Amino acid sequence: MKQAGLLNALEASLKRGRVSGAYLFFGNDEEGKKKAVSRVAQIICCAEEKGVPCEICVACNSAAKLLHADIRVAQDLSIKGMREFRSSLGTGAWSSRSIVVVIERMESIREDAQSLLLKMLEDSPGNTIFLLTALSASSVLETVQSRVHSVPFFQFQSLEESEKVLSEDLVKDFTRFRHLSFEERFLYAKTMAQDPECVVQAFQEWLAYARVAFRRQVEGKLPSLHLSRTLRVIKLLQRLLVLQRTSSGSSRLALERFMVEL
Ligand SMILES: [Zn+2]
């Protein structure tokens with residue numbers, strides 16, 4: 001898998017002793033991002049210092065839970081909290097090769113607080129490693145993005161799972177679009193695009209719904225819809241999702257394209 005390959009490359013560079021830098025783990029795979037953060041924290045903090053965490057020493061144990069003294073986790077993501085967090089980073093590492101700074105859920109950090117993070121990245125002493133996580137790369141300021149190595153973490157649900165978690169409201173919207181005028185569709189796109197995270201979530205839900213619909217059509221349970229149309233919608237949503245995840249492309253434009261092609 002591409003993701004594992006990237007993580008291996010990251011581990012390899014850490015083993016070679018390069019222990020500074022900043023990494024952004026982004027995507028909807030919350031567990032994958034969490035695991036990657038604790039793994040890197042263990043590599044840095046392990047008392048064995050072999051580049052591979054032994055996973056049995058006291059340091060490894062506390063690092064896995066992000067409780068090691070050399071791991072600083074931002075708790076309060078408000079501008080005030082981030083300011084305090086920044087000033088708390090002054091002291092050097094106690095026992096590890098580096099200080100590990102962990103800032104999770106970047107999507108919930110306002111722009112002004114993200115600018116503070118940018119200053120932290122710029123001012124950090126050499127032996128600091130930043131581990132950031134976000135739902136999507138586009139929720140992180142471009143200036144921050146340009147200073148981090150981005151590693152995608154995405155998880156795709158099985159159809160059974162998709163059916164369970166589909167949000168009824170979004171599905172209702174989805175099935176309604178066809179009956180709306182273009183003007184109404186664009187108004188919907190404009191409103192929703194004010195929150196890019198919301199757009200990504202909507203694309204994911206609609207894709208899940210379209211996949212379920214496709215399966216039902218193949219089984220002959222939804223004769224009123226055309227198979228080719230559903231396939232076209234699936235392909236379009238996949239393309240738009242990749243665009244939303246990999247670039248900071250305009251959410252509104254993506255939504256509008258989707259609305260036009262429906
Ligand atoms: Zn260890």
# chains A, B, ... in the order shown; residues from 1 in each chain; ligands from 1
call {"tool": "residues_near_ligand", "arguments": {"ligand": "ligand 1", "cutoff": "9 Å", "atoms": "only C-alpha atoms and all ligand atoms", "output": "list in words"}}
result
Gln42, Ile43, Cys45, Cys46, Ala47, Glu48, Glu49, Lys50, Val52, Pro53, Cys54, Glu55, Ile56, Cys57, Val58, Ala59, Cys60, Asn61 and Ala63 of chain A
call {"tool": "residues_around", "arguments": {"residues": "A:Lys34", "least_positions_apart": "2", "cutoff": "12 Å", "atoms": "only C-alpha atoms", "output": "PDB file with C-alpha atoms, in the first residue's frame"}}
result
ATOM      1  CA  LEU A  24       1.586  16.178   8.374  1.00  0.00           C
ATOM      2  CA  PHE A  25      -0.467  12.993   8.536  1.00  0.00           C
ATOM      3  CA  PHE A  26      -3.741  13.755   6.804  1.00  0.00           C
ATOM      4  CA  GLY A  27      -6.831  11.819   5.820  1.00  0.00           C
ATOM      5  CA  ASN A  28      -9.916  10.177   7.268  1.00  0.00           C
ATOM      6  CA  ASP A  29      -8.072   7.199   8.797  1.00  0.00           C
ATOM      7  CA  GLU A  30      -8.002   8.490  12.397  1.00  0.00           C
ATOM      8  CA  GLU A  31      -6.575   5.275  13.778  1.00  0.00           C
ATOM      9  CA  GLY A  32      -3.850   5.115  11.144  1.00  0.00           C
ATOM     10  CA  ALA A  36       1.824   6.734  13.027  1.00  0.00           C
ATOM     11  CA  VAL A  37       2.183   9.494  15.632  1.00  0.00           C
ATOM     12  CA  SER A  38       2.882   7.037  18.461  1.00  0.00           C
ATOM     13  CA  ARG A  39       5.233   4.999  16.291  1.00  0.00           C
ATOM     14  CA  VAL A  40       7.380   8.030  15.425  1.00  0.00           C
ATOM     15  CA  ALA A  41       7.251   9.168  19.064  1.00  0.00           C
ATOM     16  CA  ALA A  64       3.136   5.188  22.793  1.00  0.00           C
ATOM     17  CA  LYS A  65       0.628   7.007  25.005  1.00  0.00           C
ATOM     18  CA  LEU A  66       2.310  10.363  24.223  1.00  0.00           C
ATOM     19  CA  VAL A 102       2.338  16.788  18.529  1.00  0.00           C
ATOM     20  CA  ILE A 103      -0.518  18.902  17.206  1.00  0.00           C
ATOM     21  CA  GLU A 104      -3.555  16.886  16.264  1.00  0.00           C
ATOM     22  CA  ARG A 105      -6.776  17.860  14.515  1.00  0.00           C
ATOM     23  CA  LEU A 131       3.886  15.685  14.062  1.00  0.00           C
ATOM     24  CA  LEU A 132       0.685  17.253  12.796  1.00  0.00           C
ATOM     25  CA  THR A 133      -2.544  15.527  11.898  1.00  0.00           C
ATOM     26  CA  ALA A 134      -5.492  16.803   9.884  1.00  0.00           C
ATOM     27  CA  PHE A 153      -3.882   8.252   5.545  1.00  0.00           C
TER      28      PHE A 153
END
call {"tool": "residues_around", "arguments": {"residues": "stretch 182-196 of chain A", "least_positions_apart": "6", "cutoff": "9 Å", "atoms": "only C-alpha atoms", "output": "list in words"}}
result
Ser138, Ser139, Gln244, Ser250, Ser251, Arg252, Leu253, Ala254, Leu255, Glu256, Met259 and Val260 of chain A
call {"tool": "write_last_selection", "arguments": {"atoms": "N, CA and C atoms", "output": "JSON list (two decimals), in the first residue's frame"}}
result
[["chain", "number", "residue", "atom", "x", "y", "z"],
["A", 138, "SER", "N", -6.06, 20.31, 2.85],
["A", 138, "SER", "CA", -6.54, 21.67, 2.56],
["A", 138, "SER", "C", -6.99, 22.41, 3.83],
["A", 139, "SER", "N", -7.11, 21.69, 4.95],
["A", 139, "SER", "CA", -7.48, 22.40, 6.18],
["A", 139, "SER", "C", -6.25, 22.99, 6.87],
["A", 244, "GLN", "N", -9.62, 17.17, -3.90],
["A", 244, "GLN", "CA", -9.79, 17.87, -2.63],
["A", 244, "GLN", "C", -8.73, 17.47, -1.62],
["A", 250, "SER", "N", -10.31, 24.62, -5.16],
["A", 250, "SER", "CA", -11.51, 25.29, -4.69],
["A", 250, "SER", "C", -12.63, 24.28, -4.45],
["A", 251, "SER", "N", -13.16, 24.27, -3.23],
["A", 251, "SER", "CA", -14.24, 23.36, -2.88],
["A", 251, "SER", "C", -15.51, 23.72, -3.65],
["A", 252, "ARG", "N", -15.69, 25.02, -3.82],
["A", 252, "ARG", "CA", -16.93, 25.46, -4.48],
["A", 252, "ARG", "C", -16.94, 25.01, -5.95],
["A", 253, "LEU", "N", -15.77, 25.17, -6.59],
["A", 253, "LEU", "CA", -15.66, 24.76, -7.99],
["A", 253, "LEU", "C", -15.92, 23.26, -8.14],
["A", 254, "ALA", "N", -15.36, 22.49, -7.22],
["A", 254, "ALA", "CA", -15.53, 21.03, -7.25],
["A", 254, "ALA", "C", -17.01, 20.68, -7.09],
["A", 255, "LEU", "N", -17.65, 21.34, -6.13],
["A", 255, "LEU", "CA", -19.07, 21.08, -5.90],
["A", 255, "LEU", "C", -19.90, 21.45, -7.12],
["A", 256, "GLU", "N", -19.57, 22.59, -7.71],
["A", 256, "GLU", "CA", -20.33, 23.04, -8.87],
["A", 256, "GLU", "C", -20.19, 22.06, -10.04],
["A", 259, "MET", "N", -22.40, 19.21, -9.35],
["A", 259, "MET", "CA", -23.82, 19.54, -9.52],
["A", 259, "MET", "C", -24.21, 19.59, -11.01],
["A", 260, "VAL", "N", -23.28, 20.07, -11.84],
["A", 260, "VAL", "CA", -23.57, 20.20, -13.26],
["A", 260, "VAL", "C", -23.67, 18.81, -13.92]]
call {"tool": "select_by_dssp", "arguments": {"residues": "stretch 136-246 of chain A", "states": "helix (DSSP H, G or I)", "output": "PyMOL selection string"}}
result
chain A and resi 137-139+142-145+159-165+168-177+182-192+196-218+227-246
call {"tool": "closest_residue", "arguments": {"among": "A:Ser88, A:Ser181, A:Ser108, A:Asn8", "to": "A:Met120", "atoms": "only C-alpha atoms"}}
result
A:Ser88
call {"tool": "select_by_dssp", "arguments": {"residues": "stretch 4-57 of chain A", "states": "strand (DSSP E or B)", "output": "list in words"}}
result
Gly21, Ala22, Tyr23, Leu24, Phe25 and Phe26 of chain A
call {"tool": "write_last_selection", "arguments": {"atoms": "C-alpha atoms", "output": "mmCIF file, in the first residue's frame"}}
result
data_model
loop_
_atom_site.group_PDB
_atom_site.id
_atom_site.type_symbol
_atom_site.label_atom_id
_atom_site.label_comp_id
_atom_site.auth_asym_id
_atom_site.auth_seq_id
_atom_site.Cartn_x
_atom_site.Cartn_y
_atom_site.Cartn_z
ATOM 1 C CA GLY A 21 11.502 18.216 10.561
ATOM 2 C CA ALA A 22 7.765 18.352 10.378
ATOM 3 C CA TYR A 23 5.249 15.832 9.182
ATOM 4 C CA LEU A 24 1.586 16.178 8.374
ATOM 5 C CA PHE A 25 -0.467 12.993 8.536
ATOM 6 C CA PHE A 26 -3.741 13.755 6.804
#
call {"tool": "atom_distance", "arguments": {"atom1": "atom CA of A:Ser98", "atom2": "atom CA of A:Asp70"}}
result
7.3 Å
call {"tool": "residues_around", "arguments": {"residues": "A:Leu77", "least_positions_apart": "6", "cutoff": "12 Å", "atoms": "only C-alpha atoms", "output": "MDAnalysis selection string"}}
result
chainID A and resid 83:86 102:114 116:117
call {"tool": "residues_around", "arguments": {"residues": "A:Glu261", "least_positions_apart": "5", "cutoff": "9 Å", "atoms": "only C-alpha atoms", "output": "count of residues only"}}
result
4
call {"tool": "closest_residue", "arguments": {"among": "A:His226, A:His68, A:Lys15, A:Arg239", "to": "A:Val100", "atoms": "only C-alpha atoms"}}
result
A:His68
call {"tool": "residues_around", "arguments": {"residues": "stretch 200-208 of chain A", "least_positions_apart": "2", "cutoff": "6 Å", "atoms": "only C-alpha atoms", "output": "list of chain:residue names"}}
result
A:Ser162, A:Glu197, A:Cys198, A:Ala210, A:Arg211, A:Ile234
call {"tool": "decode", "arguments": {"residues": "stretch 120-148 of chain A", "atoms": "C-alpha atoms", "output": "mmCIF file, in the first residue's frame"}}
result
data_model
loop_
_atom_site.group_PDB
_atom_site.id
_atom_site.type_symbol
_atom_site.label_atom_id
_atom_site.label_comp_id
_atom_site.auth_asym_id
_atom_site.auth_seq_id
_atom_site.Cartn_x
_atom_site.Cartn_y
_atom_site.Cartn_z
ATOM 1 C CA MET A 120 7.050 27.619 15.723
ATOM 2 C CA LEU A 121 8.171 25.671 12.645
ATOM 3 C CA GLU A 122 10.414 28.536 11.556
ATOM 4 C CA ASP A 123 11.954 29.162 14.989
ATOM 5 C CA SER A 124 12.313 25.613 16.224
ATOM 6 C CA PRO A 125 15.783 24.541 17.288
ATOM 7 C CA GLY A 126 17.311 21.759 15.162
ATOM 8 C CA ASN A 127 16.340 18.818 17.326
ATOM 9 C CA THR A 128 12.581 19.180 17.184
ATOM 10 C CA ILE A 129 10.208 17.007 15.248
ATOM 11 C CA PHE A 130 6.663 18.206 14.586
ATOM 12 C CA LEU A 131 3.886 15.685 14.062
ATOM 13 C CA LEU A 132 0.685 17.253 12.796
ATOM 14 C CA THR A 133 -2.544 15.527 11.898
ATOM 15 C CA ALA A 134 -5.492 16.803 9.884
ATOM 16 C CA LEU A 135 -8.602 15.484 8.224
ATOM 17 C CA SER A 136 -7.509 16.961 4.902
ATOM 18 C CA ALA A 137 -4.412 18.735 3.659
ATOM 19 C CA SER A 138 -6.545 21.666 2.563
ATOM 20 C CA SER A 139 -7.481 22.396 6.181
ATOM 21 C CA VAL A 140 -3.852 23.355 6.796
ATOM 22 C CA LEU A 141 -2.493 26.776 5.761
ATOM 23 C CA GLU A 142 -0.525 26.583 2.524
ATOM 24 C CA THR A 143 2.434 28.254 4.213
ATOM 25 C CA VAL A 144 2.434 25.465 6.824
ATOM 26 C CA GLN A 145 1.944 22.799 4.151
ATOM 27 C CA SER A 146 5.016 24.025 2.312
ATOM 28 C CA ARG A 147 7.134 23.352 5.416
ATOM 29 C CA VAL A 148 5.968 19.823 6.172
#
